[in-house]
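Novice: Structure file query-v4.pdb (PDB, C-alpha atoms (C1' of nucleotides)) right here:
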```
ATOM      1  CA  MET A   1      18.577 -69.465   0.496
ATOM      2  CA  ASN A   2      21.968 -71.015   0.105
ATOM      3  CA  GLY A   3      21.810 -73.468  -2.749
ATOM      4  CA  VAL A   4      22.641 -71.038  -5.521
ATOM      5  CA  HIS A   5      26.083 -71.660  -6.883
ATOM      6  CA  ALA A   6      27.814 -70.200  -9.866
ATOM      7  CA  ARG A   7      29.769 -72.895 -11.639
ATOM      8  CA  ALA A   8      33.125 -71.857 -12.918
ATOM      9  CA  ARG A   9      33.159 -72.447 -16.651
ATOM     10  CA  LYS A  10      36.656 -71.544 -17.706
ATOM     11  CA  SER A  11      38.687 -74.247 -19.373
ATOM     12  CA  ARG A  12      41.774 -75.567 -17.681
ATOM     13  CA  ALA A  13      43.973 -73.605 -20.044
ATOM     14  CA  SER A  14      42.587 -70.354 -18.704
ATOM     15  CA  CYS A  15      43.934 -71.042 -15.240
ATOM     16  CA  LEU A  16      47.408 -70.323 -16.498
ATOM     17  CA  PRO A  17      47.717 -66.563 -16.689
ATOM     18  CA  GLU A  18      51.412 -66.577 -17.367
ATOM     19  CA  ALA A  19      53.046 -69.912 -16.831
ATOM     20  CA  ALA A  20      51.887 -73.502 -17.204
ATOM     21  CA  LEU A  21      51.239 -75.727 -14.240
ATOM     22  CA  PRO A  22      52.959 -78.806 -15.677
ATOM     23  CA  TRP A  23      52.496 -80.975 -12.583
ATOM     24  CA  LEU A  24      48.733 -80.799 -13.053
ATOM     25  CA  SER A  25      47.132 -82.876 -15.762
ATOM     26  CA  PRO A  26      43.656 -82.239 -17.186
ATOM     27  CA  GLY A  27      40.867 -83.705 -15.122
ATOM     28  CA  GLN A  28      43.155 -84.375 -12.187
ATOM     29  CA  ARG A  29      41.366 -84.010  -8.872
ATOM     30  CA  TRP A  30      44.430 -83.539  -6.709
ATOM     31  CA  ALA A  31      48.038 -82.847  -7.626
ATOM     32  CA  ALA A  32      50.644 -85.502  -6.878
ATOM     33  CA  ALA A  33      52.836 -84.713  -3.891
ATOM     34  CA  PRO A  34      55.939 -82.636  -4.571
ATOM     35  CA  SER A  35      59.094 -84.699  -4.092
ATOM     36  CA  SER A  36      61.193 -81.963  -2.551
ATOM     37  CA  GLU A  37      61.027 -78.586  -0.908
ATOM     38  CA  ALA A  38      62.417 -77.027  -4.078
ATOM     39  CA  GLU A  39      59.638 -78.576  -6.120
ATOM     40  CA  LEU A  40      57.009 -77.341  -3.677
ATOM     41  CA  LEU A  41      58.381 -73.803  -3.798
ATOM     42  CA  GLU A  42      58.575 -73.926  -7.583
ATOM     43  CA  ARG A  43      54.911 -74.877  -7.734
ATOM     44  CA  ALA A  44      53.956 -72.175  -5.278
ATOM     45  CA  HIS A  45      55.780 -69.560  -7.315
ATOM     46  CA  ARG A  46      54.062 -70.671 -10.492
ATOM     47  CA  LEU A  47      50.666 -70.408  -8.831
ATOM     48  CA  ALA A  48      51.246 -66.706  -8.142
ATOM     49  CA  GLY A  49      48.977 -64.676 -10.372
ATOM     50  CA  CYS A  50      46.240 -67.300 -10.592
ATOM     51  CA  THR A  51      42.834 -66.157  -9.427
ATOM     52  CA  VAL A  52      40.606 -68.226  -7.187
ATOM     53  CA  ALA A  53      38.235 -68.627 -10.144
ATOM     54  CA  ASP A  54      41.138 -69.977 -12.221
ATOM     55  CA  LEU A  55      41.981 -72.501  -9.539
ATOM     56  CA  ALA A  56      38.353 -73.527  -9.104
ATOM     57  CA  ALA A  57      38.083 -74.054 -12.857
ATOM     58  CA  CYS A  58      41.206 -76.225 -12.817
ATOM     59  CA  PHE A  59      39.468 -78.637 -10.484
ATOM     60  CA  ASP A  60      35.941 -78.107 -11.778
ATOM     61  CA  VAL A  61      34.818 -76.776  -8.413
ATOM     62  CA  SER A  62      31.834 -74.453  -8.040
ATOM     63  CA  LEU A  63      32.337 -71.202  -6.181
ATOM     64  CA  PRO A  64      29.588 -70.419  -3.670
ATOM     65  CA  SER A  65      27.741 -67.228  -4.530
ATOM     66  CA  HIS A  66      27.856 -66.094  -0.922
ATOM     67  CA  GLY A  67      31.156 -65.808   0.911
ATOM     68  CA  VAL A  68      29.811 -67.279   4.112
ATOM     69  CA  ARG A  69      29.631 -70.631   2.329
ATOM     70  CA  ALA A  70      33.219 -70.412   1.116
ATOM     71  CA  LYS A  71      35.132 -70.539   4.376
ATOM     72  CA  GLY A  72      38.161 -72.730   3.880
ATOM     73  CA  LEU A  73      37.580 -73.205   0.191
ATOM     74  CA  VAL A  74      40.600 -71.232  -0.978
ATOM     75  CA  GLY A  75      42.827 -73.137   1.415
ATOM     76  CA  ALA A  76      41.477 -76.427   0.140
ATOM     77  CA  LEU A  77      42.037 -75.419  -3.492
ATOM     78  CA  VAL A  78      45.638 -74.444  -2.826
ATOM     79  CA  GLU A  79      46.201 -77.749  -1.015
ATOM     80  CA  ARG A  80      45.007 -79.601  -4.087
ATOM     81  CA  ALA A  81      47.035 -77.474  -6.471
ATOM     82  CA  LEU A  82      50.263 -77.911  -4.524
ATOM     83  CA  GLY A  83      49.799 -81.608  -3.794
ATOM     84  CA  ALA A  84      49.363 -81.584  -0.020
ATOM     85  CA  THR A  85      48.901 -85.129   1.245
ATOM     86  CA  ALA A  86      47.824 -84.834   4.875
ATOM     87  CA  ARG A  87      44.113 -84.449   4.083
ATOM     88  CA  SER A  88      42.423 -84.190   7.490
ATOM     89  CA  ALA A  89      45.087 -86.013   9.500
ATOM     90  CA  SER A  90      46.843 -84.243  12.381
ATOM     91  CA  ILE A  91      50.151 -84.036  10.570
ATOM     92  CA  PRO A  92      51.833 -81.344   8.465
ATOM     93  CA  ASP A  93      50.275 -80.772   5.047
ATOM     94  CA  PHE A  94      53.541 -81.984   3.512
ATOM     95  CA  PRO A  95      54.652 -84.643   6.026
ATOM     96  CA  GLU A  96      57.835 -85.674   4.211
ATOM     97  CA  LEU A  97      58.947 -82.058   4.027
ATOM     98  CA  GLY A  98      57.762 -81.084   7.503
ATOM     99  CA  ILE A  99      55.931 -78.105   6.043
ATOM    100  CA  GLU A 100      52.549 -76.695   7.016
ATOM    101  CA  LEU A 101      50.489 -74.815   4.427
ATOM    102  CA  LYS A 102      48.467 -71.696   5.235
ATOM    103  CA  THR A 103      46.635 -69.355   2.925
ATOM    104  CA  ILE A 104      46.236 -65.865   4.312
ATOM    105  CA  PRO A 105      43.976 -63.129   2.958
ATOM    106  CA  LEU A 106      45.672 -59.745   2.510
ATOM    107  CA  ASP A 107      43.893 -56.419   2.093
ATOM    108  CA  ALA A 108      44.731 -53.873  -0.607
ATOM    109  CA  ARG A 109      47.605 -52.569   1.538
ATOM    110  CA  GLY A 110      49.121 -55.999   1.933
ATOM    111  CA  ARG A 111      48.024 -56.485   5.537
ATOM    112  CA  PRO A 112      46.373 -59.691   6.756
ATOM    113  CA  ARG A 113      42.614 -59.368   6.917
ATOM    114  CA  GLU A 114      42.180 -62.204   9.379
ATOM    115  CA  SER A 115      43.877 -64.050  12.178
ATOM    116  CA  THR A 116      45.344 -67.452  11.356
ATOM    117  CA  PHE A 117      44.087 -70.643  12.943
ATOM    118  CA  VAL A 118      46.917 -72.777  14.310
ATOM    119  CA  CYS A 119      45.470 -75.790  16.082
ATOM    120  CA  THR A 120      42.900 -76.924  18.606
ATOM    121  CA  VAL A 121      43.630 -76.332  22.287
ATOM    122  CA  ARG A 122      44.238 -79.628  24.093
ATOM    123  CA  LEU A 123      42.324 -78.623  27.174
ATOM    124  CA  ARG A 124      42.899 -81.875  29.041
ATOM    125  CA  ASP A 125      46.672 -82.029  28.892
ATOM    126  CA  ILE A 126      48.049 -78.617  28.015
ATOM    127  CA  ALA A 127      48.790 -77.858  31.657
ATOM    128  CA  ASP A 128      51.152 -80.832  31.867
ATOM    129  CA  SER A 129      52.984 -80.242  28.613
ATOM    130  CA  ALA A 130      55.946 -78.140  27.600
ATOM    131  CA  TRP A 131      56.032 -75.521  24.879
ATOM    132  CA  GLU A 132      58.596 -77.462  22.885
ATOM    133  CA  ALA A 133      56.252 -80.459  22.745
ATOM    134  CA  SER A 134      53.139 -78.461  22.049
ATOM    135  CA  PRO A 135      51.172 -78.654  18.789
ATOM    136  CA  VAL A 136      51.489 -74.871  18.478
ATOM    137  CA  CYS A 137      55.273 -75.038  18.494
ATOM    138  CA  SER A 138      55.297 -77.975  16.073
ATOM    139  CA  LYS A 139      52.836 -76.436  13.653
ATOM    140  CA  LEU A 140      54.722 -73.175  13.505
ATOM    141  CA  THR A 141      58.158 -74.655  12.860
ATOM    142  CA  ARG A 142      57.950 -74.384   9.082
ATOM    143  CA  VAL A 143      54.968 -72.778   7.371
ATOM    144  CA  LEU A 144      54.450 -72.055   3.709
ATOM    145  CA  PHE A 145      52.289 -68.928   3.741
ATOM    146  CA  VAL A 146      50.414 -68.405   0.500
ATOM    147  CA  PRO A 147      48.986 -64.878   0.485
ATOM    148  CA  ILE A 148      45.677 -64.246  -1.225
ATOM    149  CA  GLU A 149      45.062 -60.760  -2.548
ATOM    150  CA  ALA A 150      41.652 -60.234  -1.018
ATOM    151  CA  GLY A 151      40.787 -56.535  -1.002
ATOM    152  CA  THR A 152      37.195 -55.671  -0.182
ATOM    153  CA  THR A 153      36.477 -54.744  -3.814
ATOM    154  CA  LEU A 154      37.352 -58.243  -5.029
ATOM    155  CA  SER A 155      34.821 -61.031  -5.289
ATOM    156  CA  LEU A 156      35.843 -64.504  -4.181
ATOM    157  CA  GLY A 157      36.657 -65.546  -7.754
ATOM    158  CA  GLU A 158      38.652 -62.382  -8.383
ATOM    159  CA  ARG A 159      40.953 -62.959  -5.462
ATOM    160  CA  ARG A 160      44.484 -63.673  -6.635
ATOM    161  CA  ILE A 161      47.273 -65.914  -5.376
ATOM    162  CA  GLY A 162      50.335 -63.968  -4.289
ATOM    163  CA  ALA A 163      54.003 -64.783  -3.769
ATOM    164  CA  ALA A 164      54.404 -67.581  -1.236
ATOM    165  CA  ARG A 165      56.892 -67.386   1.629
ATOM    166  CA  LEU A 166      58.375 -70.315   3.507
ATOM    167  CA  TRP A 167      58.587 -69.055   7.072
ATOM    168  CA  SER A 168      60.177 -70.253  10.278
ATOM    169  CA  PRO A 169      59.973 -68.198  13.453
ATOM    170  CA  THR A 170      62.973 -66.085  14.370
ATOM    171  CA  ARG A 171      64.364 -66.539  17.856
ATOM    172  CA  SER A 172      62.504 -63.498  19.094
ATOM    173  CA  GLN A 173      59.269 -64.603  17.459
ATOM    174  CA  GLN A 174      59.728 -68.045  18.987
ATOM    175  CA  SER A 175      60.211 -66.658  22.482
ATOM    176  CA  ALA A 176      57.285 -64.279  22.102
ATOM    177  CA  LEU A 177      54.986 -67.094  21.026
ATOM    178  CA  ARG A 178      56.260 -69.229  23.855
ATOM    179  CA  ALA A 179      55.498 -66.524  26.398
ATOM    180  CA  ASP A 180      51.933 -66.202  25.143
ATOM    181  CA  TRP A 181      51.474 -69.966  25.082
ATOM    182  CA  GLU A 182      52.776 -70.374  28.624
ATOM    183  CA  GLU A 183      50.479 -67.659  29.911
ATOM    184  CA  LEU A 184      47.453 -69.226  28.243
ATOM    185  CA  ALA A 185      48.412 -72.760  29.259
ATOM    186  CA  GLY A 186      48.790 -71.502  32.812
ATOM    187  CA  VAL A 187      45.279 -70.093  32.888
ATOM    188  CA  ILE A 188      43.888 -73.384  31.610
ATOM    189  CA  GLY A 189      46.011 -75.329  34.092
ATOM    190  CA  ARG A 190      44.457 -73.371  36.940
ATOM    191  CA  GLY A 191      41.067 -74.554  35.772
ATOM    192  CA  ASP A 192      40.093 -71.105  34.540
ATOM    193  CA  VAL A 193      39.342 -72.011  30.947
ATOM    194  CA  GLU A 194      36.033 -70.164  31.141
ATOM    195  CA  GLN A 195      37.971 -66.992  31.949
ATOM    196  CA  ILE A 196      39.918 -67.170  28.698
ATOM    197  CA  THR A 197      39.101 -64.416  26.242
ATOM    198  CA  ALA A 198      40.630 -63.458  22.911
ATOM    199  CA  HIS A 199      42.078 -60.400  24.613
ATOM    200  CA  LEU A 200      44.801 -62.529  26.183
ATOM    201  CA  GLY A 201      48.072 -63.036  24.353
ATOM    202  CA  LEU A 202      50.113 -60.479  22.453
ATOM    203  CA  HIS A 203      50.541 -62.591  19.333
ATOM    204  CA  LEU A 204      48.881 -65.909  20.086
ATOM    205  CA  GLN A 205      45.290 -65.933  21.283
ATOM    206  CA  ILE A 206      42.614 -68.491  22.109
ATOM    207  CA  ARG A 207      39.181 -68.270  20.540
ATOM    208  CA  PRO A 208      36.254 -70.652  20.056
ATOM    209  CA  LYS A 209      36.721 -73.329  17.419
ATOM    210  CA  ALA A 210      33.434 -75.143  16.966
ATOM    211  CA  ALA A 211      30.406 -75.463  14.749
ATOM    212  CA  SER A 212      28.453 -73.377  17.243
ATOM    213  CA  SER A 213      28.678 -71.937  20.729
ATOM    214  CA  HIS A 214      26.524 -74.824  21.970
ATOM    215  CA  VAL A 215      29.131 -77.461  21.162
ATOM    216  CA  ARG A 216      30.783 -79.037  24.191
ATOM    217  CA  GLY A 217      34.147 -80.767  24.238
ATOM    218  CA  ARG A 218      36.201 -82.366  26.972
ATOM    219  CA  GLY A 219      38.343 -80.372  29.336
ATOM    220  CA  SER A 220      39.714 -80.617  32.849
ATOM    221  CA  ASP A 221      39.280 -78.554  35.963
ATOM    222  CA  GLU A 222      42.130 -77.576  38.301
ATOM    223  CA  HIS A 223      42.126 -81.072  39.834
ATOM    224  CA  GLY A 224      42.122 -82.864  36.518
ATOM    225  CA  ALA A 225      38.480 -83.839  36.802
ATOM    226  CA  PRO A 226      36.530 -83.933  33.530
ATOM    227  CA  VAL A 227      34.483 -80.919  32.521
ATOM    228  CA  ARG A 228      32.529 -80.175  29.358
ATOM    229  CA  THR A 229      33.312 -76.887  27.683
ATOM    230  CA  LEU A 230      33.396 -75.051  24.389
ATOM    231  CA  PRO A 231      36.221 -76.312  22.135
ATOM    232  CA  ARG A 232      38.795 -73.627  21.475
ATOM    233  CA  GLY A 233      41.685 -73.041  19.136
ATOM    234  CA  PHE A 234      44.955 -71.133  19.027
ATOM    235  CA  TYR A 235      45.094 -68.309  16.513
ATOM    236  CA  LEU A 236      47.895 -66.003  15.377
ATOM    237  CA  ARG A 237      46.837 -62.382  15.502
ATOM    238  CA  ALA A 238      46.878 -60.505  12.211
ATOM    239  CA  SER A 239      49.425 -58.099  13.679
ATOM    240  CA  PHE A 240      51.818 -61.029  14.081
ATOM    241  CA  THR A 241      51.437 -62.473  10.602
ATOM    242  CA  ALA A 242      51.711 -58.952   9.189
ATOM    243  CA  SER A 243      55.359 -58.967  10.261
ATOM    244  CA  ILE A 244      55.942 -62.006   8.060
ATOM    245  CA  PHE A 245      54.839 -60.114   4.971
ATOM    246  CA  LYS A 246      56.718 -56.900   5.573
TER
ATOM    247  C1'  DT B   1      37.257 -50.104  11.811
ATOM    248  C1'  DA B   2      39.715 -53.599  14.404
ATOM    249  C1'  DT B   3      38.713 -57.320  17.164
ATOM    250  C1'  DT B   4      36.232 -60.988  19.398
ATOM    251  C1'  DG B   5      33.145 -64.596  19.587
ATOM    252  C1'  DA B   6      30.473 -67.404  16.394
ATOM    253  C1'  DT B   7      30.029 -69.896  12.499
ATOM    254  C1'  DC B   8      30.426 -72.565   7.700
ATOM    255  C1'  DA B   9      32.070 -76.646   4.531
ATOM    256  C1'  DT B  10      34.008 -81.209   4.068
ATOM    257  C1'  DG B  11      35.640 -85.973   5.318
ATOM    258  C1'  DC B  12      35.939 -89.885   8.313
TER
ATOM    259  C1'  DG C   1      32.451 -85.829  17.338
ATOM    260  C1'  DC C   2      36.655 -84.232  15.845
ATOM    261  C1'  DA C   3      39.942 -83.317  12.502
ATOM    262  C1'  DT C   4      40.983 -80.433   8.407
ATOM    263  C1'  DG C   5      40.361 -75.694   5.904
ATOM    264  C1'  DA C   6      39.186 -70.793   7.499
ATOM    265  C1'  DT C   7      35.976 -66.159   7.367
ATOM    266  C1'  DC C   8      31.796 -63.990   8.992
ATOM    267  C1'  DA C   9      29.433 -60.501  11.487
ATOM    268  C1'  DA C  10      28.209 -58.351  15.860
ATOM    269  C1'  DT C  11      30.327 -55.361  18.956
ATOM    270  C1'  DA C  12      33.673 -52.628  21.367
TER
END
```
The structure in this file should be written as structure tokens.
Specialist:
Amino acid sequence: MNGVHARARKSRASCLPEAALPWLSPGQRWAAAPSSEAELLERAHRLAGCTVADLAACFDVSLPSHGVRAKGLVGALVERALGATARSASIPDFPELGIELKTIPLDARGRPRESTFVCTVRLRDIADSAWEASPVCSKLTRVLFVPIEAGTTLSLGERRIGAARLWSPTRSQQSALRADWEELAGVIGRGDVEQITAHLGLHLQIRPKAASSHVRGRGSDEHGAPVRTLPRGFYLRASFTASIFK
DNA sequence: TATTGATCATGC
DNA sequence: GCATGATCAATA
């Protein structure tokens, strides 16, 4: 059974543990876009300390009683609270600022609990593209990581927003990601997409990205001829994102 | 227990 | 179907 939801009942005022969120007005469904990077960072800092339940109450959103139904919910709530404007378009969450937003669950020791999805693998043209022009490189140019304190003892609503960090890859991180990407792109370019496993890549890996393992998307074989295969995505390993929060 | 492969929700 | 947002849960 999956229809049982617990509606958050706290008033808007209770979503402000320490500081007000002045850019949010009562009843607002989505925050207005921040006008500058400074404003975005200010908002992110003020969100620190809020719980997921607080945020859900702000927007009158029900929290699923079972975590399996909540995938992506925290990310969507933070988007709304910070005023991301991209919605589901293939552009940065804050297009005018060139900033991508990612929430990342941390365990009690401050280590990422999960890998981080980056983007879908463009199976048909990745072999002919360069790292610098790749969606992976673009997406990871400037990322606002919003950590979520998500220890195993905490329920979804008890999870707490942490201190955000605006990150850009260092030169060594950039070259390491590039090396992984080029290895993976090479395998796909040889027409060996079915040989790809999540074991490949030191920091960047490829894993399925689909509603189920039966889904088929469009790819190319080694001659460029169309093939149908499981859609896949690039993910950052938790060991990589851990270095961002050290 | 860390990791991989599979899966869930929403919008267009 | 494909884009966004991710975490679940079986297994190594």
Novice: Please report as JSON lines every residue of chain B lying within 8 Å of chain A, along with the nearest atom pair and their distance in Å (one decimal), using all atoms listed in the file.
Specialist:
```
{"residue": "B:DT4", "atom": "C1'", "partner": "A:Ala198", "partner_atom": "CA", "distance": 6.1}
{"residue": "B:DG5", "atom": "C1'", "partner": "A:Pro208", "partner_atom": "CA", "distance": 6.8}
{"residue": "B:DA6", "atom": "C1'", "partner": "A:Ser212", "partner_atom": "CA", "distance": 6.4}
{"residue": "B:DT7", "atom": "C1'", "partner": "A:Ala211", "partner_atom": "CA", "distance": 6.0}
{"residue": "B:DC8", "atom": "C1'", "partner": "A:Arg69", "partner_atom": "CA", "distance": 5.8}
{"residue": "B:DA9", "atom": "C1'", "partner": "A:Lys71", "partner_atom": "CA", "distance": 6.8}
{"residue": "B:DG11", "atom": "C1'", "partner": "A:Ser88", "partner_atom": "CA", "distance": 7.3}
```
Novice: May I ask you to extract the residues of chain C within 7 Å of chain A, using all atoms listed in the file, and to give them as a count of residues only?
Specialist: 6
Novice: Within 12 Å of (51.6, -82.9, 8.5), in the coordinates the file gives, what residues turn up when you count only C-alpha atoms (C1' of nucleotides), written out as a list in words?
Specialist: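 Neighbouring residues, ordered by chain and number, come to Ala84, Thr85, Ala86, Arg87, Ser88, Ala89, Ser90, Ile91, Pro92, Asp93, Phe94, Pro95, Glu96, Leu97, Gly98, Ile99, Glu100, Leu101, Pro135, Ser138, Lys139, Leu140, Thr141, Arg142 and Val143 of chain A; DT4 of chain C.
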Novice: The PyMOL selection byres ((chain A and resi 146-155) around 10) - which residues does that actually catch in the file I just gave you? List them as a PyMOL selection string.
Specialist: chain A and resi 44-45+47-53+65-67+74-75+78+101-113+143-145+156-166+245
Novice: Under the rule that all atoms listed in the file are counted, which of A:Ala81, A:Ala31, A:Leu40, A:Ile188 is the nearest residue to Asp54 of chain A?
Specialist: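 Among A:Ala81, A:Ala31, A:Leu40, A:Ile188, it is A:Ala81 that comes nearest to Asp54 of chain A.
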Novice: Determine the residue membership of the PyMOL selection byres ((chain B and resi 1) around 12) for the file above and supply it as a PyMOL selection string.
Specialist: (chain A and resi 113) or (chain B and resi 2-3) or (chain C and resi 11-12)
Novice: Can you spell out as number ranges by chain the set of residues that the PyMOL selection byres ((chain A and resi 23) around 9) selects in the structure I just provided?
Specialist: A: 20-22, 24-25, 31-32, 34, 43, 81-82
Novice: One number please: atom CA of Pro226 of chain A to atom CA of Trp131 of chain A, in Å, one decimal.
Specialist: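 So the two atoms, atom CA of Pro226 of chain A and atom CA of Trp131 of chain A, lie 22.9 Å apart.
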